[in-house]
>>> print(open('final.pdb').read())   # PDB, C-alpha atoms
MODEL        1
ATOM      1  CA  ASP T 558       4.986   0.705 -23.674
ATOM      2  CA  SER T 559       7.462   1.748 -20.981
ATOM      3  CA  GLY T 560      10.283  -0.488 -22.217
ATOM      4  CA  VAL T 561      10.271  -2.488 -18.980
ATOM      5  CA  THR T 562       9.304  -6.114 -19.468
ATOM      6  CA  GLN T 563       8.095  -8.627 -16.913
ATOM      7  CA  THR T 564       7.441 -12.337 -17.158
ATOM      8  CA  PRO T 565       5.237 -14.161 -16.644
ATOM      9  CA  LYS T 566       2.083 -12.063 -16.933
ATOM     10  CA  HIS T 567       0.090 -14.429 -14.790
ATOM     11  CA  LEU T 568       1.114 -17.069 -12.289
ATOM     12  CA  ILE T 569      -1.142 -19.419 -10.389
ATOM     13  CA  THR T 570       0.350 -21.612  -7.725
ATOM     14  CA  ALA T 571      -0.409 -23.273  -4.430
ATOM     15  CA  THR T 572       0.419 -22.366  -0.863
ATOM     16  CA  GLY T 573       3.867 -23.432   0.224
ATOM     17  CA  GLN T 574       5.311 -23.233  -3.273
ATOM     18  CA  ARG T 575       8.117 -21.054  -4.607
ATOM     19  CA  VAL T 576       8.005 -18.841  -7.692
ATOM     20  CA  THR T 577      10.374 -16.558  -9.566
ATOM     21  CA  LEU T 578       9.332 -13.344 -11.252
ATOM     22  CA  ARG T 579      11.553 -11.808 -13.883
ATOM     23  CA  CYS T 580      12.101  -8.213 -14.918
ATOM     24  CA  SER T 581      14.146  -6.617 -17.686
ATOM     25  CA  PRO T 582      14.698  -2.887 -17.260
ATOM     26  CA  ARG T 583      14.637  -0.286 -20.012
ATOM     27  CA  SER T 584      17.753  -0.178 -22.097
ATOM     28  CA  GLY T 585      20.390   1.825 -20.242
ATOM     29  CA  ASP T 586      18.603   1.867 -16.890
ATOM     30  CA  LEU T 587      20.725   0.663 -13.993
ATOM     31  CA  SER T 588      18.185   0.730 -11.170
ATOM     32  CA  VAL T 589      15.439  -1.823 -10.694
ATOM     33  CA  TYR T 590      12.685  -1.583  -8.120
ATOM     34  CA  TRP T 591      10.152  -4.169  -7.037
ATOM     35  CA  TYR T 592       6.681  -3.294  -5.738
ATOM     36  CA  GLN T 593       3.752  -5.283  -4.441
ATOM     37  CA  GLN T 594       0.188  -4.145  -5.007
ATOM     38  CA  SER T 595      -2.554  -6.102  -3.289
ATOM     39  CA  LEU T 596      -6.184  -5.768  -4.360
ATOM     40  CA  ASP T 597      -7.342  -2.157  -4.143
ATOM     41  CA  GLN T 598      -4.168  -1.219  -2.319
ATOM     42  CA  GLY T 599      -1.367   1.179  -2.985
ATOM     43  CA  LEU T 600       2.123   0.391  -4.109
ATOM     44  CA  GLN T 601       4.356  -1.127  -1.456
ATOM     45  CA  PHE T 602       8.051  -0.814  -2.119
ATOM     46  CA  LEU T 603       9.910  -4.096  -1.643
ATOM     47  CA  ILE T 604      13.500  -3.687  -2.759
ATOM     48  CA  GLN T 605      15.790  -1.776  -5.099
ATOM     49  CA  TYR T 606      18.919  -2.828  -6.950
ATOM     50  CA  TYR T 607      21.435  -0.606  -8.644
ATOM     51  CA  ASN T 608      23.916  -2.055 -11.101
ATOM     52  CA  GLY T 609      23.807  -5.468  -9.480
ATOM     53  CA  GLU T 610      23.899  -4.420  -5.866
ATOM     54  CA  GLU T 611      21.113  -4.101  -3.342
ATOM     55  CA  ARG T 612      20.432  -0.428  -2.796
ATOM     56  CA  ALA T 613      17.511  -0.321  -0.395
ATOM     57  CA  LYS T 614      14.977  -2.543   1.269
ATOM     58  CA  GLY T 615      11.397  -1.767   2.027
ATOM     59  CA  ASN T 616       8.741  -3.963   3.557
ATOM     60  CA  ILE T 617      10.056  -7.158   2.047
ATOM     61  CA  LEU T 618       9.333 -10.394   3.862
ATOM     62  CA  GLU T 619      12.150 -12.777   4.740
ATOM     63  CA  ARG T 620      10.465 -15.353   2.492
ATOM     64  CA  PHE T 621      11.110 -13.024  -0.441
ATOM     65  CA  SER T 622      14.468 -12.346  -2.027
ATOM     66  CA  ALA T 623      15.729 -10.686  -5.162
ATOM     67  CA  GLN T 624      18.838 -10.197  -7.210
ATOM     68  CA  GLN T 625      20.032  -8.244 -10.202
ATOM     69  CA  PHE T 626      22.260  -9.985 -12.694
ATOM     70  CA  PRO T 627      25.228  -8.644 -14.698
ATOM     71  CA  ASP T 628      22.966  -8.084 -17.713
ATOM     72  CA  LEU T 629      20.827  -5.932 -15.355
ATOM     73  CA  HIS T 630      17.722  -8.073 -15.427
ATOM     74  CA  SER T 631      16.300  -8.840 -12.022
ATOM     75  CA  GLU T 632      14.444 -11.705 -10.414
ATOM     76  CA  LEU T 633      12.159 -11.680  -7.405
ATOM     77  CA  ASN T 634      11.902 -14.997  -5.607
ATOM     78  CA  LEU T 635       8.895 -15.700  -3.435
ATOM     79  CA  SER T 636       8.946 -18.836  -1.293
ATOM     80  CA  SER T 637       6.676 -20.630   1.177
ATOM     81  CA  LEU T 638       3.815 -18.816  -0.497
ATOM     82  CA  GLU T 639       0.742 -17.875   1.485
ATOM     83  CA  LEU T 640      -2.720 -16.843   0.342
ATOM     84  CA  GLY T 641      -1.928 -13.272   1.333
ATOM     85  CA  ASP T 642       0.918 -13.131  -1.157
ATOM     86  CA  SER T 643      -1.594 -12.990  -3.980
ATOM     87  CA  ALA T 644      -1.029  -9.605  -5.598
ATOM     88  CA  LEU T 645       0.252  -7.718  -8.594
ATOM     89  CA  TYR T 646       4.020  -7.478  -8.545
ATOM     90  CA  PHE T 647       5.496  -4.600 -10.474
ATOM     91  CA  CYS T 648       9.022  -3.987 -11.488
ATOM     92  CA  ALA T 649      10.175  -0.487 -12.342
ATOM     93  CA  SER T 650      13.425   0.890 -13.635
ATOM     94  CA  SER T 651      15.183   4.207 -13.639
ATOM     95  CA  ALA T 652      18.402   5.467 -15.082
ATOM     96  CA  GLY T 653      20.453   6.229 -12.017
ATOM     97  CA  TYR T 654      21.243   5.618  -8.442
ATOM     98  CA  TRP T 655      19.288   8.000  -6.298
ATOM     99  CA  ASP T 656      18.611  11.117  -8.300
ATOM    100  CA  THR T 657      15.291  12.497  -9.296
ATOM    101  CA  ASP T 658      15.161   9.898 -12.017
ATOM    102  CA  THR T 659      11.923   9.137 -13.682
ATOM    103  CA  GLN T 660      10.734   5.673 -12.802
ATOM    104  CA  TYR T 661       9.010   3.521 -15.425
ATOM    105  CA  PHE T 662       6.863   0.543 -14.539
ATOM    106  CA  GLY T 663       6.573  -2.797 -16.234
ATOM    107  CA  PRO T 664       3.199  -4.416 -16.970
ATOM    108  CA  GLY T 665       3.284  -6.470 -13.776
ATOM    109  CA  THR T 666       2.949 -10.120 -12.862
ATOM    110  CA  ARG T 667      -0.331 -11.171 -11.331
ATOM    111  CA  LEU T 668       0.328 -13.855  -8.739
ATOM    112  CA  THR T 669      -2.540 -15.961  -7.473
ATOM    113  CA  VAL T 670      -1.884 -18.314  -4.575
ATOM    114  CA  LEU T 671      -4.571 -20.963  -4.094
TER     115      LEU T 671
ATOM    116  CA  GLY X 486      11.138   8.155   7.055
ATOM    117  CA  GLU X 487       8.967   9.791   4.477
ATOM    118  CA  ASN X 488       5.192   9.585   4.772
ATOM    119  CA  VAL X 489       2.847  10.645   1.992
ATOM    120  CA  GLU X 490      -0.833  11.330   2.504
ATOM    121  CA  GLN X 491      -3.275  11.768  -0.352
ATOM    122  CA  HIS X 492      -6.769  13.244  -0.478
ATOM    123  CA  PRO X 493      -9.457  12.595  -1.397
ATOM    124  CA  SER X 494      -9.510   8.812  -1.602
ATOM    125  CA  THR X 495     -12.333   8.958  -4.138
ATOM    126  CA  LEU X 496     -13.447  11.782  -6.395
ATOM    127  CA  SER X 497     -16.347  12.001  -8.803
ATOM    128  CA  VAL X 498     -16.662  14.859 -11.245
ATOM    129  CA  GLN X 499     -18.829  15.659 -14.233
ATOM    130  CA  GLU X 500     -17.220  15.480 -17.631
ATOM    131  CA  GLY X 501     -15.716  18.856 -18.455
ATOM    132  CA  ASP X 502     -15.205  19.866 -14.835
ATOM    133  CA  SER X 503     -11.846  20.121 -13.103
ATOM    134  CA  ALA X 504     -10.393  17.644 -10.626
ATOM    135  CA  VAL X 505      -7.853  18.381  -7.926
ATOM    136  CA  ILE X 506      -5.954  15.811  -5.869
ATOM    137  CA  LYS X 507      -3.697  16.868  -3.044
ATOM    138  CA  CYS X 508      -0.747  15.157  -1.411
ATOM    139  CA  THR X 509       1.245  16.084   1.641
ATOM    140  CA  TYR X 510       4.661  14.761   2.568
ATOM    141  CA  SER X 511       6.633  14.736   5.767
ATOM    142  CA  ASP X 512      10.295  14.846   4.756
ATOM    143  CA  SER X 513      11.322  18.377   3.882
ATOM    144  CA  ALA X 514      14.334  16.963   2.031
ATOM    145  CA  SER X 515      12.140  15.276  -0.593
ATOM    146  CA  ASN X 516      12.857  16.839  -3.941
ATOM    147  CA  TYR X 517      11.034  14.874  -6.623
ATOM    148  CA  PHE X 518       7.285  14.422  -6.887
ATOM    149  CA  PRO X 519       5.798  12.307  -9.667
ATOM    150  CA  TRP X 520       2.162  11.519 -10.359
ATOM    151  CA  TYR X 521       1.046   8.203 -11.790
ATOM    152  CA  LYS X 522      -2.218   7.127 -13.393
ATOM    153  CA  GLN X 523      -3.224   3.506 -13.069
ATOM    154  CA  GLU X 524      -6.099   1.940 -14.930
ATOM    155  CA  LEU X 525      -7.600  -1.247 -13.586
ATOM    156  CA  GLY X 526      -5.155  -4.133 -13.802
ATOM    157  CA  LYS X 527      -2.564  -2.095 -15.676
ATOM    158  CA  ARG X 528       0.786  -0.574 -14.870
ATOM    159  CA  PRO X 529       1.149   2.818 -13.207
ATOM    160  CA  GLN X 530       1.996   5.354 -15.889
ATOM    161  CA  LEU X 531       3.823   8.563 -15.208
ATOM    162  CA  ILE X 532       1.655  11.508 -16.234
ATOM    163  CA  ILE X 533       3.580  14.429 -14.829
ATOM    164  CA  ASP X 534       6.316  15.145 -12.339
ATOM    165  CA  ILE X 535       7.833  18.131 -10.623
ATOM    166  CA  ARG X 536      11.170  18.797  -9.021
ATOM    167  CA  SER X 537      11.739  20.906  -5.960
ATOM    168  CA  ASN X 538      13.267  23.813  -7.820
ATOM    169  CA  VAL X 539      10.003  24.413  -9.683
ATOM    170  CA  GLY X 540       6.686  25.620  -8.287
ATOM    171  CA  GLU X 541       4.388  24.623 -11.109
ATOM    172  CA  LYS X 542       4.441  22.519 -14.234
ATOM    173  CA  LYS X 543       1.801  22.112 -16.897
ATOM    174  CA  ASP X 544       1.250  19.618 -19.689
ATOM    175  CA  GLN X 545      -1.897  20.269 -21.715
ATOM    176  CA  ARG X 546      -4.849  19.536 -19.390
ATOM    177  CA  ILE X 547      -2.679  18.406 -16.497
ATOM    178  CA  ALA X 548      -0.773  20.582 -14.065
ATOM    179  CA  VAL X 549       1.079  20.037 -10.829
ATOM    180  CA  THR X 550       1.828  22.635  -8.182
ATOM    181  CA  LEU X 551       4.316  22.337  -5.364
ATOM    182  CA  ASN X 552       4.408  24.261  -2.103
ATOM    183  CA  LYS X 553       7.634  23.334  -0.378
ATOM    184  CA  THR X 554       6.954  25.468   2.672
ATOM    185  CA  ALA X 555       3.690  23.696   3.378
ATOM    186  CA  LYS X 556       5.035  20.383   2.083
ATOM    187  CA  HIS X 557       2.214  19.677  -0.253
ATOM    188  CA  PHE X 558       1.727  19.221  -3.967
ATOM    189  CA  SER X 559      -1.394  18.948  -6.043
ATOM    190  CA  LEU X 560      -2.522  17.490  -9.343
ATOM    191  CA  HIS X 561      -4.958  19.526 -11.383
ATOM    192  CA  ILE X 562      -6.853  18.039 -14.318
ATOM    193  CA  THR X 563      -8.969  20.433 -16.356
ATOM    194  CA  GLU X 564     -11.726  19.651 -18.853
ATOM    195  CA  THR X 565     -11.975  16.100 -17.555
ATOM    196  CA  GLN X 566     -12.940  13.308 -19.914
ATOM    197  CA  PRO X 567     -14.262   9.801 -19.205
ATOM    198  CA  GLU X 568     -10.865   8.360 -20.124
ATOM    199  CA  ASP X 569      -9.361  10.252 -17.199
ATOM    200  CA  SER X 570     -11.168   7.810 -14.897
ATOM    201  CA  ALA X 571      -8.489   5.829 -13.072
ATOM    202  CA  VAL X 572      -6.594   5.646  -9.808
ATOM    203  CA  TYR X 573      -4.013   8.383  -9.386
ATOM    204  CA  PHE X 574      -0.980   7.985  -7.138
ATOM    205  CA  CYS X 575       1.362  10.671  -5.962
ATOM    206  CA  ALA X 576       4.868   9.921  -4.734
ATOM    207  CA  ALA X 577       7.752  11.673  -3.067
ATOM    208  CA  LYS X 578      11.433  10.950  -3.273
ATOM    209  CA  ASN X 579      14.468  12.275  -1.512
ATOM    210  CA  TYR X 580      18.039  12.134  -2.672
ATOM    211  CA  GLY X 581      19.362   8.790  -1.509
ATOM    212  CA  GLN X 582      15.973   7.483  -0.502
ATOM    213  CA  ASN X 583      13.253   5.565  -2.267
ATOM    214  CA  PHE X 584       9.934   6.468  -3.721
ATOM    215  CA  VAL X 585       7.123   6.633  -1.167
ATOM    216  CA  PHE X 586       3.664   6.488  -2.688
ATOM    217  CA  GLY X 587       0.413   7.928  -1.473
ATOM    218  CA  PRO X 588      -2.541   5.552  -1.029
ATOM    219  CA  GLY X 589      -4.199   6.646  -4.259
ATOM    220  CA  THR X 590      -7.285   8.541  -5.405
ATOM    221  CA  ARG X 591      -9.958   6.857  -7.450
ATOM    222  CA  LEU X 592     -11.232   9.413  -9.959
ATOM    223  CA  SER X 593     -14.517   8.845 -11.750
ATOM    224  CA  VAL X 594     -15.507  11.171 -14.555
ATOM    225  CA  LEU X 595     -19.226  10.952 -15.157
ATOM    226  CA  PRO X 596     -20.481  11.547 -18.729
TER     227      PRO X 596
ENDMDL
END
>>> encode(input="final.pdb", output="C-alpha cells")
Amino acid sequence: DSGVTQTPKHLITATGQRVTLRCSPRSGDLSVYWYQQSLDQGLQFLIQYYNGEERAKGNILERFSAQQFPDLHSELNLSSLELGDSALYFCASSAGYWDTDTQYFGPGTRLTVL
Amino acid sequence: GENVEQHPSTLSVQEGDSAVIKCTYSDSASNYFPWYKQELGKRPQLIIDIRSNVGEKKDQRIAVTLNKTAKHFSLHITETQPEDSAVYFCAAKNYGQNFVFGPGTRLSVLP
C-alpha cells in the first residue's frame, strides 16, 4: 500500500457525461500528479499540483480540469466524456515541489465510457 | 522537452536467467531516474531509482546503472522468477520538470 488513495475504484458512465475522480496523497506529501493510462499504453502525464497551486500541465484536454484543495486532496474532473476517455486514471504524490522526490502511485480509477 | 525511449518492448526469459531493459533520455539536465513495475490492472510500483550523482545502485536481485555521458540507464534483474513477470516503466525527471515515462517493457519469465 503506497498510502495514496483514490476513489472510486471503478466508474461506468455514458458519453457526454461528467465525472469527478478523487485522490488523497500520502500524509505529508504536497505534490499531486494525475496520469492517464489507456489500454496497453504507457503513462501520460496530465497535470501536477503543489500545495494547492497548479505546477505543470501535460497533455490534458480542455474538457479535463483538476484542483487541489487546502487539505491537499485533489480532484480530476472529466466532462463531455467520449469513448476514447476510457482508461485507468492514476494519481501519484510526492513530498516536494520539483526535487528528485520519489513518486508513489494510488491504485487508480478505471473509467469506462459507454 | 524530455523524451524517453525504452527497449525492448517485450522480453521473454527463462526462469533463473537475467533480464536487462534499457532506457535512453534526451535532456542532459535530467537527474532522477526511477523504475516502476506494473502488474496487470494494478498501480505502478517503484522498484528502484537512481540519482545523477550515482553510477550504479543495487537492491537484492535488482540493479540500475546510469551512464550520464551516453544518456542511458538500464535495469538489471538477476535470477528471474515468474513473479517478476510484469510491465516495467522507466522514467526521467529534471529539476523543475515533470516525470517523463518510457513506453514500457513487457517482461515474461517462463517457468
>>> residues_near_point(input="final.pdb", point="(-8.6, 13.3, -0.1)", cutoff="12 Å", atoms="all atoms listed in the file", output="PyMOL selection string")
chain X and resi 489-497+504-509+559-560+573-575+587-592
>>> axis_aligned_box(input="final.pdb", around="segment 551-569 of chain X", padding_each_side="5 Å", output="AutoDock Vina command-line options")
--center_x -3.3 --center_y 16.9 --center_z -8.4 --size_x 31.9 --size_y 27.1 --size_z 33.5
>>> closest_residue(input="final.pdb", among="X:Ala577, X:Val539, X:Leu595, X:Val549", to="chain T", atoms="all atoms listed in the file")
X:Ala577
>>> closest_atom_pairs(input="final.pdb", of="chain T", to="chain X", cutoff="12 Å", atoms="all atoms listed in the file", output="CSV")
residue,atom,partner,partner_atom,distance
T:Asp558,CA,X:Gln530,CA,9.5
T:Ser559,CA,X:Gln530,CA,8.3
T:Gly560,CA,X:Gln530,CA,12.0
T:Val561,CA,X:Arg528,CA,10.5
T:Thr562,CA,X:Arg528,CA,11.2
T:Gln563,CA,X:Arg528,CA,11.1
T:Lys566,CA,X:Lys527,CA,11.1
T:His567,CA,X:Gly526,CA,11.6
T:Ser588,CA,X:Asn583,CA,11.3
T:Val589,CA,X:Asn583,CA,11.4
T:Tyr590,CA,X:Asn583,CA,9.3
T:Trp591,CA,X:Phe584,CA,11.1
T:Tyr592,CA,X:Phe584,CA,10.5
T:Gln593,CA,X:Arg528,CA,11.8
T:Gln594,CA,X:Gly526,CA,10.3
T:Ser595,CA,X:Gly526,CA,11.0
T:Leu596,CA,X:Gly526,CA,9.6
T:Asp597,CA,X:Gly589,CA,9.3
T:Gln598,CA,X:Pro588,CA,7.1
T:Gly599,CA,X:Pro588,CA,4.9
T:Leu600,CA,X:Phe586,CA,6.4
T:Gln601,CA,X:Phe586,CA,7.7
T:Phe602,CA,X:Val585,CA,7.6
T:Leu603,CA,X:Asn583,CA,10.2
T:Ile604,CA,X:Asn583,CA,9.3
T:Gln605,CA,X:Asn583,CA,8.3
T:Tyr606,CA,X:Asn583,CA,11.2
T:Tyr607,CA,X:Gly581,CA,12.0
T:Arg612,CA,X:Gln582,CA,9.4
T:Ala613,CA,X:Asn583,CA,7.5
T:Lys614,CA,X:Asn583,CA,9.0
T:Gly615,CA,X:Asn583,CA,8.7
T:Asn616,CA,X:Val585,CA,11.7
T:Ala644,CA,X:Gly526,CA,10.7
T:Leu645,CA,X:Gly526,CA,8.3
T:Tyr646,CA,X:Arg528,CA,9.9
T:Phe647,CA,X:Arg528,CA,7.6
T:Cys648,CA,X:Arg528,CA,9.5
T:Ala649,CA,X:Pro529,CA,9.7
T:Ser650,CA,X:Phe584,CA,11.9
T:Ser651,CA,X:Phe584,CA,11.4
T:Gly653,CA,X:Gly581,CA,10.9
T:Tyr654,CA,X:Gly581,CA,7.9
T:Trp655,CA,X:Gly581,CA,4.9
T:Asp656,CA,X:Tyr580,CA,5.7
T:Thr657,CA,X:Tyr517,CA,5.6
T:Asp658,CA,X:Tyr517,CA,8.4
T:Thr659,CA,X:Pro519,CA,8.0
T:Gln660,CA,X:Leu531,CA,7.9
T:Tyr661,CA,X:Leu531,CA,7.2
T:Phe662,CA,X:Arg528,CA,6.2
T:Gly663,CA,X:Arg528,CA,6.3
T:Pro664,CA,X:Arg528,CA,5.0
T:Gly665,CA,X:Arg528,CA,6.5
T:Thr666,CA,X:Arg528,CA,10.0
T:Arg667,CA,X:Gly526,CA,8.9
>>> atom_distance(input="final.pdb", atom1="atom CA of Ile532 of chain X", atom2="atom CA of His561 of chain X")
11.5 Å
>>> resolve_selection(input="final.pdb", expression="the PyMOL selection byres ((chain X and resi 567-569) around 9)", output="list in words")
Gln499, Glu500, Lys522, Ile562, Thr565, Gln566, Ser570, Ala571, Leu592, Ser593, Val594, Leu595 and Pro596 of chain X
>>> residues_near_point(input="final.pdb", point="(4.5, -20.0, -6.1)", cutoff="8 Å", atoms="all atoms listed in the file", output="list of chain:residue names")
T:Leu568, T:Ile569, T:Thr570, T:Ala571, T:Thr572, T:Gly573, T:Gln574, T:Arg575, T:Val576, T:Thr577, T:Leu635, T:Ser636, T:Ser637, T:Leu638, T:Leu668, T:Val670
>>> write_last_selection(input="final.pdb", atoms="C-alpha atoms", output="short mmCIF file (atom, residue, chain, number, x, y, z; two decimals), in the frame of the given file")
data_model
loop_
_atom_site.label_atom_id
_atom_site.label_comp_id
_atom_site.auth_asym_id
_atom_site.auth_seq_id
_atom_site.Cartn_x
_atom_site.Cartn_y
_atom_site.Cartn_z
CA LEU T 568 1.11 -17.07 -12.29
CA ILE T 569 -1.14 -19.42 -10.39
CA THR T 570 0.35 -21.61 -7.72
CA ALA T 571 -0.41 -23.27 -4.43
CA THR T 572 0.42 -22.37 -0.86
CA GLY T 573 3.87 -23.43 0.22
CA GLN T 574 5.31 -23.23 -3.27
CA ARG T 575 8.12 -21.05 -4.61
CA VAL T 576 8.01 -18.84 -7.69
CA THR T 577 10.37 -16.56 -9.57
CA LEU T 635 8.90 -15.70 -3.44
CA SER T 636 8.95 -18.84 -1.29
CA SER T 637 6.68 -20.63 1.18
CA LEU T 638 3.82 -18.82 -0.50
CA LEU T 668 0.33 -13.86 -8.74
CA VAL T 670 -1.88 -18.31 -4.58
#
>>> atom_distance(input="final.pdb", atom1="atom CA of Thr554 of chain X", atom2="atom CA of Asn538 of chain X")
12.4 Å
>>> atom_distance(input="final.pdb", atom1="atom CA of Thr669 of chain T", atom2="atom CA of His630 of chain T")
23.2 Å
>>> resolve_selection(input="final.pdb", expression="the PyMOL selection byres ((chain T and resi 626) around 12)", output="list in words")
Arg579, Cys580, Ser581, Pro582, Leu587, Ser588, Val589, Tyr606, Tyr607, Asn608, Gly609, Glu610, Glu611, Ala623, Gln624, Gln625, Pro627, Asp628, Leu629, His630, Ser631, Glu632 and Leu633 of chain T
>>> closest_residue(input="final.pdb", among="X:Asn488, X:Ser511, X:Ser503, X:Phe558", to="Lys542 of chain X", atoms="all atoms listed in the file")
X:Phe558
>>> decode(input="final.pdb", residues="segment 576-597 of chain T", atoms="N, CA, C and O atoms", output="mmCIF file, in the first residue's frame")
data_model
loop_
_atom_site.group_PDB
_atom_site.id
_atom_site.type_symbol
_atom_site.label_atom_id
_atom_site.label_comp_id
_atom_site.auth_asym_id
_atom_site.auth_seq_id
_atom_site.Cartn_x
_atom_site.Cartn_y
_atom_site.Cartn_z
ATOM 1 N N VAL T 576 -17.668 13.377 -14.875
ATOM 2 C CA VAL T 576 -17.329 12.617 -13.677
ATOM 3 C C VAL T 576 -16.225 13.335 -12.907
ATOM 4 O O VAL T 576 -15.490 14.152 -13.470
ATOM 5 N N THR T 577 -16.120 12.978 -11.637
ATOM 6 C CA THR T 577 -15.062 13.525 -10.783
ATOM 7 C C THR T 577 -14.323 12.386 -10.114
ATOM 8 O O THR T 577 -14.942 11.517 -9.497
ATOM 9 N N LEU T 578 -13.018 12.387 -10.254
ATOM 10 C CA LEU T 578 -12.158 11.409 -9.620
ATOM 11 C C LEU T 578 -11.440 12.090 -8.466
ATOM 12 O O LEU T 578 -11.002 13.229 -8.591
ATOM 13 N N ARG T 579 -11.299 11.341 -7.374
ATOM 14 C CA ARG T 579 -10.727 11.933 -6.172
ATOM 15 C C ARG T 579 -9.445 11.219 -5.765
ATOM 16 O O ARG T 579 -9.327 10.000 -5.918
ATOM 17 N N CYS T 580 -8.524 12.002 -5.234
ATOM 18 C CA CYS T 580 -7.233 11.463 -4.807
ATOM 19 C C CYS T 580 -6.821 12.101 -3.493
ATOM 20 O O CYS T 580 -6.891 13.323 -3.326
ATOM 21 N N SER T 581 -6.364 11.255 -2.554
ATOM 22 C CA SER T 581 -5.773 11.761 -1.318
ATOM 23 C C SER T 581 -4.316 11.353 -1.287
ATOM 24 O O SER T 581 -4.011 10.152 -1.364
ATOM 25 N N PRO T 582 -3.405 12.299 -1.200
ATOM 26 C CA PRO T 582 -1.984 11.955 -1.228
ATOM 27 C C PRO T 582 -1.534 11.319 0.079
ATOM 28 O O PRO T 582 -2.271 11.284 1.061
ATOM 29 N N ARG T 583 -0.318 10.809 0.085
ATOM 30 C CA ARG T 583 0.283 10.284 1.303
ATOM 31 C C ARG T 583 0.408 11.418 2.315
ATOM 32 O O ARG T 583 0.580 12.572 1.953
ATOM 33 N N SER T 584 0.321 11.042 3.565
ATOM 34 C CA SER T 584 0.441 12.031 4.618
ATOM 35 C C SER T 584 1.758 12.798 4.485
ATOM 36 O O SER T 584 2.828 12.199 4.387
ATOM 37 N N GLY T 585 1.667 14.111 4.430
ATOM 38 C CA GLY T 585 2.863 14.941 4.347
ATOM 39 C C GLY T 585 3.283 15.309 2.933
ATOM 40 O O GLY T 585 4.099 16.218 2.758
ATOM 41 N N ASP T 586 2.743 14.594 1.941
ATOM 42 C CA ASP T 586 3.112 14.927 0.557
ATOM 43 C C ASP T 586 2.345 16.157 0.088
ATOM 44 O O ASP T 586 1.138 16.270 0.309
ATOM 45 N N LEU T 587 3.040 17.048 -0.594
ATOM 46 C CA LEU T 587 2.427 18.288 -1.050
ATOM 47 C C LEU T 587 2.121 18.290 -2.546
ATOM 48 O O LEU T 587 1.328 19.095 -3.015
ATOM 49 N N SER T 588 2.784 17.418 -3.279
ATOM 50 C CA SER T 588 2.575 17.366 -4.731
ATOM 51 C C SER T 588 1.649 16.230 -5.120
ATOM 52 O O SER T 588 1.772 15.119 -4.592
ATOM 53 N N VAL T 589 0.756 16.527 -6.041
ATOM 54 C CA VAL T 589 -0.146 15.514 -6.589
ATOM 55 C C VAL T 589 -0.052 15.565 -8.106
ATOM 56 O O VAL T 589 -0.027 16.638 -8.706
ATOM 57 N N TYR T 590 0.051 14.394 -8.694
ATOM 58 C CA TYR T 590 0.127 14.265 -10.145
ATOM 59 C C TYR T 590 -1.047 13.411 -10.626
ATOM 60 O O TYR T 590 -1.447 12.465 -9.947
ATOM 61 N N TRP T 591 -1.517 13.710 -11.806
ATOM 62 C CA TRP T 591 -2.540 12.887 -12.437
ATOM 63 C C TRP T 591 -1.995 12.327 -13.756
ATOM 64 O O TRP T 591 -1.370 13.056 -14.541
ATOM 65 N N TYR T 592 -2.270 11.029 -13.965
ATOM 66 C CA TYR T 592 -1.843 10.335 -15.176
ATOM 67 C C TYR T 592 -3.023 9.591 -15.783
ATOM 68 O O TYR T 592 -3.914 9.131 -15.078
ATOM 69 N N GLN T 593 -2.965 9.454 -17.091
ATOM 70 C CA GLN T 593 -3.932 8.632 -17.813
ATOM 71 C C GLN T 593 -3.197 7.460 -18.450
ATOM 72 O O GLN T 593 -2.119 7.640 -19.043
ATOM 73 N N GLN T 594 -3.777 6.276 -18.314
ATOM 74 C CA GLN T 594 -3.186 5.098 -18.943
ATOM 75 C C GLN T 594 -4.271 4.364 -19.705
ATOM 76 O O GLN T 594 -5.128 3.708 -19.108
ATOM 77 N N SER T 595 -4.231 4.480 -21.022
ATOM 78 C CA SER T 595 -5.181 3.751 -21.859
ATOM 79 C C SER T 595 -4.710 2.310 -22.006
ATOM 80 O O SER T 595 -3.575 1.988 -21.682
ATOM 81 N N LEU T 596 -5.566 1.464 -22.534
ATOM 82 C CA LEU T 596 -5.292 0.029 -22.621
ATOM 83 C C LEU T 596 -3.956 -0.223 -23.308
ATOM 84 O O LEU T 596 -3.708 0.247 -24.411
ATOM 85 N N ASP T 597 -3.095 -0.977 -22.613
ATOM 86 C CA ASP T 597 -1.797 -1.356 -23.164
ATOM 87 C C ASP T 597 -0.941 -0.155 -23.551
ATOM 88 O O ASP T 597 -0.084 -0.254 -24.426
#
